[in-house]
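Worksheet: one structure, shown below.
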Amino acid sequence: LYTGDLGLVSAGAFVKLLDGPIARTRVPLNNQGAERIQSINGERAEIYGLELAGNYRFTRLPDALRALRPFGVYATYSFARTEARYDLGDVERRLGFIDTPEHTGNLALTYDNARSGTQLTLSGNYRGARLNEIGVDERTDDYYRDETSLDFSAAQRLLRGAELFVEANNLLDTPERRTLGDPRGDAWRFRFRETYGRTLTAGVRYTYGRRVARRPSARLAVRTGHAPAPVAREAT
C-alpha cells in the first residue's frame with residue numbers, strides 16, 4: 001500500500017516446508033572439554049511467519065516545520081515460528097530451525113535532501129535469540145542470545161556522478177553472547193561472548209556517465225556467512 005507522502009506500508013505472510021534441513025550438532029567426547037561438531041540432515045522443518053514494513057516521509061508538514069520535510073522513518077518487523085525434527089540416533093528431537101530468530105526488527109530515521117544532496121540514516125536493529133548448534137539434550141543446546149545494534153551512514157553529493165560517503169557500523173559494539181540452553185527459558189548457562197568492534201568506512205563514489213543513484217538506505221543488519229574474526233572473547 002503506497003501513501004501520498006512517498007511512503008509504503010506492506011504486510012505479508014509466508015510458509016516454508018523443508019525436507020532434510022541441515023543442522024550442526026555438538027557432542028562431548030570426554031570430560032576434558034573435547035567435542036565433536038558435525039552437520040546432519042533433519043527429517044523435516046516447518047516455518048510460519050509474518051513480515052511488516054513501513055516507510056514514511058514528512059513531505060506534507062506545514063511551512064512552519066519545513067525544515068523537517070526531508071526527514072522520514074522506516075521500520076520492518078518479522079515474526080517466525082519454526083519447528084524442525086532431528087533424528088539423533090537414540091532419540092528424535094523437535095527444536096526450532098537453526099539460525100532463525102523468532103523476532104527481528106529494524107527502525108531507522110532518515111534524512112534525504114535532494115536540493116543539497118545530503119543523505120543521512122541512523123538505523124537500530126534487533127535480532128532475537130536463535131538456535132546455533134544441537135547438543136545431546138536441551139541443557140547442552142547452543143544458542144545465541146538476542147542482540148541490538150546501531151548503524152549510521154551519510155552521503156554528500158559533490159559533483160555530477162560523485163559523492164562522499166561515510167558508513168559506521170556496530171556503534172554500540174554489540175557482543176555476540178552464547179549460552180547452553182535456551183536463554184528465553186530458565187535452564188540456561190552462559191557459555192562465552194565475542195565482540196567484533198566498530199567499523200568505519202569512508203570514501204568517494206563516482207559513477208561515469210550518469211548521476212549516482214541515491215535512495216534512503218535503512219537495512220536490517222543480519223550477519224550471514226562467515227563472521228569477522230572477533231577482537232575479544234570472554235568465557236567462563
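Chain labels A, B, ... are given in the sequence in which chains occur in the C-alpha cells; within each chain residues are numbered consecutively from 1, and ligands are likewise numbered from 1 in the order shown.
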
Residues within 9 Å of A:Ala13, only C-alpha atoms, excluding chain neighbours under 6 positions, as a PyMOL selection string
chain A and resi 48-52

Shell of 7 Å around A:Ala162, only C-alpha atoms, local chain residues under 5 positions omitted, as a list in words:
Arg157, Val204, Arg205, Tyr206, Thr207 and Val212 of chain A

Exercise: A:Val27 partners within 8 Å, only C-alpha atoms, chain neighbours under 4 positions left out, as an mmCIF file with C-alpha atoms, in the first residue's frame:
```cif
data_model
loop_
_atom_site.group_PDB
_atom_site.id
_atom_site.type_symbol
_atom_site.label_atom_id
_atom_site.label_comp_id
_atom_site.auth_asym_id
_atom_site.auth_seq_id
_atom_site.Cartn_x
_atom_site.Cartn_y
_atom_site.Cartn_z
ATOM 1 C CA GLU A 35 33.781 -32.075 21.420
ATOM 2 C CA ARG A 36 32.772 -33.355 18.003
ATOM 3 C CA ILE A 37 30.886 -30.909 15.798
ATOM 4 C CA GLY A 135 23.553 -30.735 21.878
ATOM 5 C CA VAL A 136 22.710 -34.080 23.456
#
```

Work out how far atom CA of A:Arg81 is from atom CA of A:Gly96, in Å to one decimal.
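Separation between atom CA of A:Gly96 and atom CA of A:Arg81: 7.9 Å.
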
If I take atom CA of A:Trp188 and atom CA of A:Gly20, how far is one from the other in Å, to one decimal?
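It comes out at 28.0 Å.
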
When you look at A:Gly105 with a cut-off of 10 Å (counting only C-alpha atoms), what residues show up, excluding the ones that are within fewer than 4 positions of it in the same chain? I need them as JSON, numbers by chain.
{"A": [51, 52, 53, 75, 76, 77, 78, 79, 124, 125, 126, 127, 128, 148, 219, 220, 221]}

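Take the candidates A:Leu158, A:Leu200, A:Leu131, A:Val15 and check each one against A:Leu180 using only C-alpha atoms; the shortest distance goes to A:Leu131.
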
Separation of atom CA of A:Asp99 from atom CA of A:Arg130, in Å and rounded to one decimal:
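Between these atoms lies a distance of 5.5 Å.
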
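When the distance limit is 7 Å and only C-alpha atoms are what count, the residues near A:Arg94, minus those fewer than 3 positions from it on the same chain, are Glu83, Ala84, Arg85 and Tyr86 of chain A.
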
Using only C-alpha atoms, can you tell me which of A:Pro183, A:Gly117, A:Asp137, A:Ala11 comes closest to A:Leu88?
A:Asp137

Leaving out A:Val73 and any residue of its chain fewer than 4 positions from it, which residues lie within 7 Å of it when counting only C-alpha atoms, given as a JSON list (two decimals) with C-alpha atoms, in the first residue's frame?
```json
[["chain", "number", "residue", "atom", "x", "y", "z"],
["A", 55, "ASN", "CA", 8.20, 3.85, 5.18],
["A", 56, "TYR", "CA", 7.03, 7.44, 5.61],
["A", 57, "ARG", "CA", 8.49, 10.83, 4.66],
["A", 108, "ALA", "CA", 15.55, 3.90, 11.06],
["A", 109, "LEU", "CA", 15.45, 7.68, 10.95],
["A", 110, "THR", "CA", 16.35, 9.02, 7.51]]
```

Taking only C-alpha atoms into account, which of A:Gly197, A:Gly181, A:Gly161, A:Pro175 comes nearest A:Ile134?
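Checking each candidate against A:Ile134, we get A:Gly181 as the closest.
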
Using only C-alpha atoms, can you tell me which of A:Glu163, A:Glu43, A:Glu133, A:Glu138 comes closest to A:Arg178?
A:Glu133

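Every protein, DNA or RNA residue with an atom at most 7 Å from A:Arg177, where only C-alpha atoms count and chain neighbours fewer than 4 positions away do not, is listed here: A:Tyr144, A:Arg145, A:Phe192, A:Arg193, A:Glu194.
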
Quick one: write out the picked residues with C-alpha atoms as an mmCIF file, in the first residue's frame?
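After the write, part.cif holds the following:
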```
data_model
loop_
_atom_site.group_PDB
_atom_site.id
_atom_site.type_symbol
_atom_site.label_atom_id
_atom_site.label_comp_id
_atom_site.auth_asym_id
_atom_site.auth_seq_id
_atom_site.Cartn_x
_atom_site.Cartn_y
_atom_site.Cartn_z
ATOM 1 C CA TYR A 144 22.867 -17.013 20.508
ATOM 2 C CA ARG A 145 21.193 -14.532 22.843
ATOM 3 C CA PHE A 192 31.054 -17.151 26.183
ATOM 4 C CA ARG A 193 30.822 -13.809 24.403
ATOM 5 C CA GLU A 194 32.629 -12.358 21.391
#
```

For a quick check of understanding, using only C-alpha atoms, which of A:Phe14, A:Tyr111, A:Tyr208, A:Tyr143 has the smallest distance to A:Phe190?
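The answer is A:Tyr143, which sits nearest to A:Phe190.
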